>>> print(open('query15.txt').read())   # compact mmCIF, C-alpha atoms
# COMPACT_ATOMS: atom_id res chain seq x y z
CA MET A 1 -41.48 17.91 -157.54
CA VAL A 2 -42.76 15.94 -154.53
CA ASP A 3 -41.85 15.79 -150.88
CA ILE A 4 -41.96 12.42 -149.10
CA ALA A 5 -42.88 12.81 -145.44
CA LYS A 6 -44.26 10.79 -142.56
CA GLU A 7 -48.02 10.73 -142.48
CA GLN A 8 -49.28 12.93 -139.65
CA PRO A 9 -52.53 12.46 -137.71
CA ASN A 10 -54.12 15.43 -139.52
CA ASP A 11 -53.37 13.71 -142.89
CA TRP A 12 -55.56 10.71 -142.03
CA TRP A 13 -58.80 11.81 -143.73
CA GLU A 14 -57.02 12.97 -146.87
CA VAL A 15 -55.12 9.68 -147.12
CA GLU A 16 -58.31 7.66 -146.52
CA ALA A 17 -60.03 9.67 -149.29
CA LEU A 18 -57.14 8.78 -151.63
CA PHE A 19 -57.46 5.08 -150.76
CA ASP A 20 -61.23 5.26 -151.34
CA LEU A 21 -60.65 6.91 -154.71
CA CYS A 22 -58.08 4.34 -155.84
CA PHE A 23 -59.71 1.16 -154.54
CA ALA A 24 -63.18 -0.34 -154.64
CA PRO A 25 -65.63 0.88 -151.99
CA GLY A 26 -65.43 -2.52 -150.26
CA ARG A 27 -61.65 -2.36 -149.76
CA THR A 28 -61.95 -2.68 -145.98
CA ALA A 29 -63.69 -6.03 -146.41
CA LEU A 30 -60.48 -7.61 -147.75
CA SER A 31 -58.79 -10.21 -145.56
CA SER A 32 -55.68 -8.02 -145.20
CA TYR A 33 -57.80 -5.49 -143.32
CA ARG A 34 -58.62 -8.12 -140.67
CA LEU A 35 -54.88 -8.19 -139.94
CA ARG A 36 -54.96 -4.41 -139.39
CA ASP A 37 -58.06 -4.26 -137.15
CA GLY A 38 -57.17 -2.72 -133.80
CA VAL A 39 -53.47 -2.56 -134.67
CA PRO A 40 -51.81 0.80 -135.34
CA PRO A 41 -49.57 1.07 -138.40
CA VAL A 42 -45.83 1.19 -137.78
CA GLU A 43 -44.73 4.64 -136.62
CA GLY A 44 -42.52 6.30 -139.19
CA LEU A 45 -43.40 3.95 -142.04
CA CYS A 46 -46.65 5.54 -143.16
CA LEU A 47 -45.58 7.99 -145.82
CA ILE A 48 -47.23 10.56 -148.04
CA ALA A 49 -46.04 12.30 -151.17
CA ARG A 50 -47.13 15.95 -151.45
CA ASP A 51 -46.58 18.16 -154.46
CA ASP A 52 -45.49 21.80 -154.43
CA TYR A 53 -49.12 22.85 -153.94
CA GLY A 54 -49.58 20.65 -150.87
CA ALA A 55 -51.81 18.06 -152.54
CA ILE A 56 -51.26 14.40 -151.66
CA GLY A 57 -50.25 12.49 -154.77
CA GLY A 58 -49.61 9.16 -153.07
CA ALA A 59 -49.55 7.33 -149.76
CA ILE A 60 -48.22 4.07 -148.33
CA ARG A 61 -48.69 2.32 -144.99
CA PHE A 62 -46.95 -0.59 -143.27
CA TRP A 63 -48.46 -2.75 -140.52
CA PRO A 64 -46.84 -5.24 -138.14
CA VAL A 65 -47.95 -8.86 -138.47
CA ARG A 66 -46.76 -12.30 -137.42
CA VAL A 67 -45.90 -15.12 -139.79
CA GLY A 68 -45.93 -18.15 -137.56
CA PRO A 69 -43.93 -16.86 -134.57
CA LYS A 70 -41.85 -14.38 -136.61
CA GLU A 71 -42.41 -10.66 -137.07
CA ALA A 72 -42.95 -9.09 -140.46
CA LEU A 73 -44.30 -5.96 -142.07
CA LEU A 74 -47.40 -6.00 -144.22
CA LEU A 75 -47.08 -3.35 -146.92
CA GLY A 76 -50.35 -1.77 -147.89
CA PRO A 77 -52.32 -0.10 -148.85
CA ILE A 78 -50.34 1.96 -151.31
CA ALA A 79 -52.09 4.35 -153.67
CA VAL A 80 -51.20 7.01 -156.19
CA HIS A 81 -53.78 9.59 -157.24
CA PRO A 82 -55.04 8.83 -160.77
CA THR A 83 -53.73 12.17 -162.04
CA ARG A 84 -50.21 11.27 -160.83
CA GLN A 85 -50.01 7.66 -162.03
CA GLY A 86 -47.21 6.77 -164.40
CA GLU A 87 -44.77 9.26 -162.83
CA GLY A 88 -42.93 6.73 -160.65
CA LEU A 89 -44.49 7.99 -157.43
CA GLY A 90 -45.54 4.50 -156.29
CA GLY A 91 -42.01 3.21 -156.77
CA LEU A 92 -40.61 6.16 -154.91
CA LEU A 93 -42.91 5.48 -151.93
CA ILE A 94 -42.11 1.75 -151.93
CA ARG A 95 -38.34 2.27 -152.09
CA GLU A 96 -38.41 4.92 -149.36
CA GLY A 97 -40.71 2.82 -147.18
CA LEU A 98 -38.46 -0.23 -147.50
CA ARG A 99 -35.36 1.90 -146.82
CA ARG A 100 -36.94 3.23 -143.63
CA ALA A 101 -38.11 -0.25 -142.61
CA ASP A 102 -34.55 -1.50 -143.00
CA ALA A 103 -33.26 1.41 -140.88
CA LEU A 104 -35.75 0.37 -138.18
CA HIS A 105 -34.39 -3.22 -138.39
CA TRP A 106 -37.54 -4.90 -139.72
CA PRO A 107 -36.17 -8.16 -141.16
CA ARG A 108 -38.89 -8.85 -143.73
CA THR A 109 -41.81 -7.29 -145.56
CA MET A 110 -44.72 -8.94 -147.32
CA LEU A 111 -47.69 -7.89 -149.42
CA VAL A 112 -50.45 -9.28 -151.58
CA GLY A 113 -49.94 -8.07 -155.14
CA ASP A 114 -48.82 -8.60 -158.70
CA ALA A 115 -45.39 -10.22 -158.96
CA PRO A 116 -44.48 -8.58 -162.30
CA TYR A 117 -44.85 -5.12 -160.73
CA TYR A 118 -43.39 -5.75 -157.27
CA SER A 119 -40.44 -7.90 -158.42
CA ARG A 120 -38.63 -4.67 -159.48
CA PHE A 121 -38.40 -3.87 -155.74
CA GLY A 122 -37.03 -7.31 -154.85
CA PHE A 123 -40.32 -9.01 -153.94
CA HIS A 124 -40.72 -12.69 -154.77
CA ARG A 125 -43.41 -15.30 -154.20
CA LEU A 126 -43.46 -16.70 -150.68
CA GLU A 127 -43.91 -20.44 -150.25
CA GLY A 128 -45.51 -21.70 -147.06
CA VAL A 129 -46.88 -18.31 -145.98
CA GLU A 130 -50.66 -18.40 -145.54
CA MET A 131 -52.71 -15.22 -145.66
CA PRO A 132 -56.28 -15.38 -144.37
CA PRO A 133 -58.69 -16.56 -147.07
CA PRO A 134 -59.66 -15.75 -149.69
CA THR A 135 -56.15 -14.88 -150.86
CA ASN A 136 -54.53 -16.29 -153.98
CA PRO A 137 -51.24 -17.88 -152.77
CA ALA A 138 -49.48 -16.80 -155.99
CA ARG A 139 -49.99 -13.15 -154.96
CA ILE A 140 -48.28 -13.47 -151.55
CA LEU A 141 -44.93 -11.78 -152.03
CA GLY A 142 -42.04 -10.91 -149.76
CA VAL A 143 -38.71 -9.15 -149.58
CA GLY A 144 -36.01 -9.44 -146.92
CA ASP A 145 -34.95 -12.47 -144.87
CA TRP A 146 -37.64 -15.12 -145.34
CA SER A 147 -35.36 -18.14 -144.85
CA GLY A 148 -37.20 -20.64 -142.67
CA VAL A 149 -40.21 -18.34 -142.16
CA THR A 150 -43.50 -20.10 -142.85
CA GLY A 151 -46.95 -20.34 -141.35
CA LYS A 152 -50.15 -18.41 -141.02
CA VAL A 153 -50.13 -14.64 -141.11
CA THR A 154 -51.82 -13.33 -137.97
CA ARG A 155 -52.57 -10.00 -136.36
CA TRP A 156 -49.81 -8.38 -134.34
CA GLY A 157 -50.44 -9.10 -130.68
CA ALA A 158 -52.91 -11.91 -131.42
>>> encode(input="query15.txt", output="structure tokens")
Amino acid sequence: MVDIAKEQPNDWWEVEALFDLCFAPGRTALSSYRLRDGVPPVEGLCLIARDDYGAIGGAIRFWPVRVGPKEALLLGPIAVHPTRQGEGLGGLLIREGLRRADALHWPRTMLVGDAPYYSRFGFHRLEGVEMPPPTNPARILGVGDWSGVTGKVTRWGA
């Protein structure tokens, strides 16, 4: 049994430790992190999954970005503790995050990831959306209303 809840400020270090465990030590050097620099994640869309013992089994964050002049969410990072992988926890966090994003009237969400995995949540390859290099264009995926939305992905407020 897990409880999905909004990430609280006192969860920050535990969530960062989970991200460090699940990703390479140089994760913050990725181009997607340049889009997050100095920008807070979207309130209410950073979620954690805790088990009955209070341990964090997974976490997801969403960040505001611009694609050309349009607003979008950048999903990521998302991580599931290695001992909890294969239980559907990642899918649960993604579905709940997207449901909450929809309730907050965010029209579109994007990420950089594997299409075979993320297509089950409605994500598809985005044409004409340019992430900062070096990003493989085939891994730029989106869900929501992307009609007519193209251009470079830039930091919120830039």
>>> atom_distance(input="query15.txt", atom1="CA of Ile78 in chain A", atom2="CA of Phe19 in chain A")
7.8 Å
>>> atom_distance(input="query15.txt", atom1="CA of Ala29 in chain A", atom2="CA of Arg100 in chain A")
28.4 Å
>>> closest_residue(input="query15.txt", among="A:Trp12, A:Phe23, A:Trp106, A:Trp146", to="Phe123 in chain A", atoms="only C-alpha atoms")
A:Trp146
>>> closest_residue(input="query15.txt", among="A:Leu98, A:Val42, A:Ala49, A:Leu74", to="Phe121 in chain A", atoms="all atoms listed in the file")
A:Leu98
>>> closest_residue(input="query15.txt", among="A:Arg120, A:Arg36, A:Lys152, A:Arg139", to="Arg66 in chain A", atoms="all atoms listed in the file")
A:Lys152
>>> atom_distance(input="query15.txt", atom1="CA of Pro133 in chain A", atom2="CA of Ser31 in chain A")
6.5 Å
>>> closest_residue(input="query15.txt", among="A:Val65, A:Leu141, A:Leu45, A:Ile56", to="Asp102 in chain A", atoms="all atoms listed in the file")
A:Leu45
>>> axis_aligned_box(input="query15.txt", around="range 132-149 of chain A", padding_each_side="6 Å", output="AutoDock Vina command-line options")
--center_x -47.3 --center_y -14.9 --center_z -149.1 --size_x 36.7 --size_y 23.5 --size_z 25.8
>>> closest_residue(input="query15.txt", among="A:Val153, A:Ile140, A:Ile48, A:Leu126", to="Glu96 in chain A", atoms="only C-alpha atoms")
A:Ile48
>>> residues_around(input="query15.txt", residues="Trp156 in chain A", least_positions_apart="3", cutoff="10 Å", atoms="all atoms listed in the file", output="list of chain:residue names")
A:Leu35, A:Arg36, A:Asp37, A:Gly38, A:Val39, A:Pro40, A:Trp63, A:Pro64, A:Val65, A:Arg66, A:Val67, A:Glu71, A:Ala72, A:Leu73, A:Val153
>>> closest_residue(input="query15.txt", among="A:Gln8, A:Leu75, A:Arg34, A:Cys22", to="Pro134 in chain A", atoms="only C-alpha atoms")
A:Arg34
>>> residues_around(input="query15.txt", residues="Pro82 in chain A", least_positions_apart="4", cutoff="9 Å", atoms="all atoms listed in the file", output="PDB file with C-alpha atoms, in the frame of the given file")
ATOM      1  CA  LEU A  21     -60.650   6.910-154.710  1.00  0.00           C
ATOM      2  CA  CYS A  22     -58.080   4.340-155.840  1.00  0.00           C
ATOM      3  CA  GLY A  57     -50.250  12.490-154.770  1.00  0.00           C
ATOM      4  CA  GLY A  86     -47.210   6.770-164.400  1.00  0.00           C
TER       5      GLY A  86
END
>>> residues_near_point(input="query15.txt", point="(-41.7, -16.8, -140.5)", cutoff="7 Å", atoms="only C-alpha atoms", output="ChimeraX atom specification")
/A:67-70,146,148-151
>>> write_last_selection(input="query15.txt", atoms="C-alpha atoms", output="PDB file, in the frame of the given file")
ATOM      1  CA  VAL A  67     -45.900 -15.120-139.790  1.00  0.00           C
ATOM      2  CA  GLY A  68     -45.930 -18.150-137.560  1.00  0.00           C
ATOM      3  CA  PRO A  69     -43.930 -16.860-134.570  1.00  0.00           C
ATOM      4  CA  LYS A  70     -41.850 -14.380-136.610  1.00  0.00           C
ATOM      5  CA  TRP A 146     -37.640 -15.120-145.340  1.00  0.00           C
ATOM      6  CA  GLY A 148     -37.200 -20.640-142.670  1.00  0.00           C
ATOM      7  CA  VAL A 149     -40.210 -18.340-142.160  1.00  0.00           C
ATOM      8  CA  THR A 150     -43.500 -20.100-142.850  1.00  0.00           C
ATOM      9  CA  GLY A 151     -46.950 -20.340-141.350  1.00  0.00           C
TER      10      GLY A 151
END
>>> residues_around(input="query15.txt", residues="Leu47 in chain A", least_positions_apart="3", cutoff="8 Å", atoms="all atoms listed in the file", output="VMD selection string")
chain A and resid 4 to 7 44 59 to 61 93 97
>>> write_last_selection(input="query15.txt", atoms="C-alpha atoms", output="JSON list (two decimals), in the frame of the given file")
[["chain", "number", "residue", "atom", "x", "y", "z"],
["A", 4, "ILE", "CA", -41.96, 12.42, -149.10],
["A", 5, "ALA", "CA", -42.88, 12.81, -145.44],
["A", 6, "LYS", "CA", -44.26, 10.79, -142.56],
["A", 7, "GLU", "CA", -48.02, 10.73, -142.48],
["A", 44, "GLY", "CA", -42.52, 6.30, -139.19],
["A", 59, "ALA", "CA", -49.55, 7.33, -149.76],
["A", 60, "ILE", "CA", -48.22, 4.07, -148.33],
["A", 61, "ARG", "CA", -48.69, 2.32, -144.99],
["A", 93, "LEU", "CA", -42.91, 5.48, -151.93],
["A", 97, "GLY", "CA", -40.71, 2.82, -147.18]]
>>> build_atoms(input="query15.txt", residues="range 128-139 of chain A", atoms="all heavy atoms", output="compact mmCIF listing (two decimals), in the frame of the given file")
# COMPACT_ATOMS: atom_id res chain seq x y z
N GLY A 128 -45.25 -21.32 -148.44
CA GLY A 128 -45.51 -21.70 -147.06
C GLY A 128 -46.00 -20.58 -146.17
O GLY A 128 -46.09 -20.74 -144.95
N VAL A 129 -46.32 -19.43 -146.74
CA VAL A 129 -46.88 -18.31 -145.98
C VAL A 129 -48.35 -18.23 -146.34
O VAL A 129 -48.71 -18.11 -147.51
CB VAL A 129 -46.15 -16.98 -146.30
CG1 VAL A 129 -46.84 -15.81 -145.62
CG2 VAL A 129 -44.69 -17.08 -145.87
N GLU A 130 -49.21 -18.31 -145.32
CA GLU A 130 -50.66 -18.40 -145.54
C GLU A 130 -51.38 -17.15 -145.04
O GLU A 130 -51.48 -16.93 -143.83
CB GLU A 130 -51.22 -19.62 -144.81
CG GLU A 130 -50.62 -20.94 -145.21
CD GLU A 130 -51.09 -22.05 -144.30
OE1 GLU A 130 -52.31 -22.10 -143.98
OE2 GLU A 130 -50.25 -22.85 -143.87
N MET A 131 -51.86 -16.36 -145.99
CA MET A 131 -52.71 -15.22 -145.66
C MET A 131 -54.11 -15.74 -145.37
O MET A 131 -54.51 -16.79 -145.87
CB MET A 131 -52.77 -14.24 -146.83
CG MET A 131 -51.58 -13.34 -146.97
SD MET A 131 -51.51 -12.06 -145.71
CE MET A 131 -52.81 -10.95 -146.22
N PRO A 132 -54.90 -14.98 -144.59
CA PRO A 132 -56.28 -15.38 -144.37
C PRO A 132 -57.03 -15.48 -145.71
O PRO A 132 -56.75 -14.70 -146.62
CB PRO A 132 -56.87 -14.26 -143.51
CG PRO A 132 -55.68 -13.60 -142.88
CD PRO A 132 -54.55 -13.76 -143.85
N PRO A 133 -57.95 -16.43 -145.82
CA PRO A 133 -58.69 -16.56 -147.07
C PRO A 133 -59.69 -15.40 -147.23
O PRO A 133 -60.05 -14.77 -146.24
CB PRO A 133 -59.42 -17.89 -146.92
CG PRO A 133 -59.44 -18.17 -145.45
CD PRO A 133 -58.29 -17.45 -144.85
N PRO A 134 -60.10 -15.12 -148.44
CA PRO A 134 -59.66 -15.75 -149.69
C PRO A 134 -58.51 -14.96 -150.30
O PRO A 134 -58.69 -13.85 -150.75
CB PRO A 134 -60.90 -15.64 -150.57
CG PRO A 134 -61.56 -14.36 -150.12
CD PRO A 134 -61.22 -14.20 -148.66
N THR A 135 -57.32 -15.52 -150.27
CA THR A 135 -56.15 -14.88 -150.86
C THR A 135 -55.48 -15.88 -151.80
O THR A 135 -55.22 -17.01 -151.40
CB THR A 135 -55.14 -14.45 -149.78
OG1 THR A 135 -55.78 -13.56 -148.87
CG2 THR A 135 -53.94 -13.74 -150.39
N ASN A 136 -55.22 -15.45 -153.01
CA ASN A 136 -54.53 -16.29 -153.98
C ASN A 136 -53.08 -16.45 -153.52
O ASN A 136 -52.35 -15.45 -153.44
CB ASN A 136 -54.61 -15.62 -155.35
CG ASN A 136 -53.89 -16.39 -156.43
OD1 ASN A 136 -53.10 -17.29 -156.17
ND2 ASN A 136 -54.14 -16.01 -157.67
N PRO A 137 -52.62 -17.67 -153.23
CA PRO A 137 -51.24 -17.88 -152.77
C PRO A 137 -50.17 -17.35 -153.73
O PRO A 137 -49.09 -16.98 -153.28
CB PRO A 137 -51.13 -19.40 -152.61
CG PRO A 137 -52.54 -19.88 -152.51
CD PRO A 137 -53.38 -18.92 -153.29
N ALA A 138 -50.47 -17.29 -155.01
CA ALA A 138 -49.48 -16.80 -155.99
C ALA A 138 -49.24 -15.30 -155.84
O ALA A 138 -48.26 -14.78 -156.36
CB ALA A 138 -49.94 -17.12 -157.40
N ARG A 139 -50.11 -14.59 -155.12
CA ARG A 139 -49.99 -13.15 -154.96
C ARG A 139 -49.34 -12.76 -153.62
O ARG A 139 -49.19 -11.59 -153.34
CB ARG A 139 -51.37 -12.50 -155.09
CG ARG A 139 -51.92 -12.62 -156.51
CD ARG A 139 -53.33 -12.07 -156.65
NE ARG A 139 -53.51 -10.74 -156.10
CZ ARG A 139 -53.21 -9.60 -156.73
NH1 ARG A 139 -52.71 -9.63 -157.95
NH2 ARG A 139 -53.44 -8.44 -156.16
